[in-house]
Structure formats: C-alpha cells, structure tokens
Amino acid sequence: MARITVALCFLCVLPLLYAQSEETGEPGRRPDGPAEFIGLTLEELINRFGVPASVRAARGLEEWQDDVVFVYAQGDFYVFKDRVWQVGLKAALGINTGDPRGVVSLVLGSNAEPRGDSLFYPLDGKPWPLMLRYDLDSAGRVKAIFIYRTDL
C-alpha cells in the first residue's frame with residue numbers, strides 16, 4: 001500500500017516539473033526559466049517586462065546590503081548596482097508558494113539541503129553560482145521562493 005501511495009504522489013508531482021517553462025519567442029531555444037532573469041541589466045529588465053508595478057527599497061543589516069526591488073507580476077527583481085542578482089518568485093521547478101515541505105523534498109530529492117526553516121537547492125551550469133531557496137512557514141508550507149547569486 002505504501003508503494004502505491006508513493007507512486008501516486010510521484011505521478012501527481014511529475015507534471016509540475018515540466019509546467020514551469022516559459023516561452024522566449026526564440027525558435028530552437030529552450031528557456032532556463034527564472035534562472036535566466038539573474039544577471040539582466042536594468043535596460044534588459046525594463047525592455048523585457050516594461051515599467052514595474054512598483055519599486056521599493058529592501059534594507060539589509062549593513063548599508064552595502066541595500067537593494068532596489070522592481071516589482072512585476074513575474075516576480076520581485078532585486079537589483080545590485082546595475083544588474084538583477086536575486087528574484088522572488090511564486091513558483092519554481094513546479095513548486096508553488098503554499099505547497100507542503102513534503103512536495104518540495106519529493107521534487108528536489110537528495111540535492112535539497114535543509115537549513116533552519118529553508119530548503120536550498122544549487123543550480124549548476126550557469127555563468128555564476130546560483131541557489132534556489134524555499135522558505136517555509138511554521139506549518140511547513142512554502143511561504144517564499146528565491147533564486148539568487150551566491151557570490152555577491
């Protein structure tokens with residue numbers, strides 16, 4: 001019975017792994033999903049998404065950790081100097097805000113590293129080191145998703 005339950009859970013989650021792609025409009029190019037947002041210049045960001053719905057400051061503990069955040073329907077784009085270094089998302093790799101920890105663990109597998117109330121997942125094959133982070137609330141559900149450069 002346990003094998004059947006695990007198999008059914010896997011079959012339910014499998015389509016979510018493929019549902020997270022986004023059209024780029026370029027024939028023959030497979031999109032990288034939200035990882036392609038990291039490194040966009042301000043000009044590229046505005047050309048791609050237009051004028052943001054709003055702009056806000058995100059204060060860090062130190063002055064050098066302050067960011068300007070461009071808020072779009074696609075996510076919150078954190079800008080350092082003239083480039084996007086972090087994006088806050090509603091979904092990534094088929095995992096959505098509100099999903100339980102078990103779904104995140106099932107989708108990410110053994111590459112997910114739990115630290116406190118977050119699960120970290122490294123993204124390889126990019127021009128700079130990237131990390132995907134799922135923050136969990138006290139009920140163990142995803143409350144925030146971020147992809148960011150780890151070298152800044």
# chains A, B, ... in the order shown; residues from 1 in each chain; ligands from 1

$ residues_around --residues "region 53-55 of chain A" --least-positions-apart "4" --cutoff "12 Å" --atoms "only C-alpha atoms" --output "CSV table (one decimal) with C-alpha atoms, in the first residue's frame"
chain,number,residue,atom,x,y,z
A,46,ILE,CA,12.7,47.1,-18.5
A,49,PHE,CA,8.9,43.4,-18.7
A,67,ASP,CA,18.8,46.7,-2.8
A,68,VAL,CA,16.3,48.3,-5.1
A,69,VAL,CA,13.4,45.9,-5.9
A,70,PHE,CA,11.4,46.1,-9.1
A,71,VAL,CA,8.0,44.5,-8.6
A,72,TYR,CA,6.4,42.8,-11.6
A,73,ALA,CA,3.7,40.1,-11.9
A,74,GLN,CA,6.5,37.6,-12.8
A,75,GLY,CA,8.4,38.3,-9.5
A,76,ASP,CA,10.3,40.7,-7.4
A,77,PHE,CA,13.6,41.6,-9.0
A,78,TYR,CA,16.4,42.7,-6.6
A,79,VAL,CA,19.0,44.9,-8.2

$ residues_around --residues "Leu108 (chain A)" --least-positions-apart "3" --cutoff "12 Å" --atoms "only C-alpha atoms" --output "PyMOL selection string"
chain A and resi 10+13-14+16-17+92-95+101-105+111-114+119-123+132-134

$ atom_distance --atom1 "CA of Met131 (chain A)" --atom2 "CA of Val51 (chain A)"
26.9 Å

$ select_by_dssp --residues "region 69-129 of chain A" --states "alpha helix (DSSP H)" --output "number ranges by chain"
A: 101-108

$ write_last_selection --atoms "C-alpha atoms" --output "PDB file, in the first residue's frame"
ATOM      1  CA  ARG A 101       7.536  20.602   2.687  1.00  0.00           C
ATOM      2  CA  GLY A 102       6.970  17.021   1.533  1.00  0.00           C
ATOM      3  CA  VAL A 103       6.282  18.147  -2.032  1.00  0.00           C
ATOM      4  CA  VAL A 104       9.436  20.278  -2.041  1.00  0.00           C
ATOM      5  CA  SER A 105      11.519  17.361  -0.743  1.00  0.00           C
ATOM      6  CA  LEU A 106       9.973  14.961  -3.255  1.00  0.00           C
ATOM      7  CA  VAL A 107      10.617  17.261  -6.221  1.00  0.00           C
ATOM      8  CA  LEU A 108      14.151  18.325  -5.227  1.00  0.00           C
TER       9      LEU A 108
END

$ atom_distance --atom1 "CA of Lys143 (chain A)" --atom2 "CA of Pro52 (chain A)"
22.7 Å

$ closest_residue --among "A:Ala35, A:Val84, A:Ala91, A:Ile145" --to "Leu130 (chain A)" --atoms "only C-alpha atoms"
A:Ala35

$ residues_around --residues "Asp151 (chain A)" --least-positions-apart "2" --cutoff "8 Å" --atoms "only C-alpha atoms" --output "PyMOL selection string"
chain A and resi 128-129+149

$ write_last_selection --atoms "N, CA and C atoms" --output "mmCIF file, in the first residue's frame"
data_model
loop_
_atom_site.group_PDB
_atom_site.id
_atom_site.type_symbol
_atom_site.label_atom_id
_atom_site.label_comp_id
_atom_site.auth_asym_id
_atom_site.auth_seq_id
_atom_site.Cartn_x
_atom_site.Cartn_y
_atom_site.Cartn_z
ATOM 1 N N TRP A 128 27.467 31.943 -13.230
ATOM 2 C CA TRP A 128 27.826 32.265 -11.853
ATOM 3 C C TRP A 128 27.067 31.308 -10.940
ATOM 4 N N PRO A 129 27.528 31.148 -9.706
ATOM 5 C CA PRO A 129 26.841 30.211 -8.809
ATOM 6 C C PRO A 129 25.451 30.709 -8.405
ATOM 7 N N ARG A 149 22.209 34.820 -6.789
ATOM 8 C CA ARG A 149 23.640 34.582 -6.926
ATOM 9 C C ARG A 149 24.236 34.418 -5.540
#

$ closest_residue --among "A:Asp135, A:Glu44, A:Asp124, A:Glu36" --to "Asn96 (chain A)" --atoms "only C-alpha atoms"
A:Asp135

$ closest_residue --among "A:Pro100, A:Gly116, A:Gly109, A:Gly88" --to "Phe37 (chain A)" --atoms "only C-alpha atoms"
A:Gly88

$ closest_residue --among "A:Thr150, A:Ser110, A:Thr41, A:Ser118" --to "Phe80 (chain A)" --atoms "only C-alpha atoms"
A:Thr41
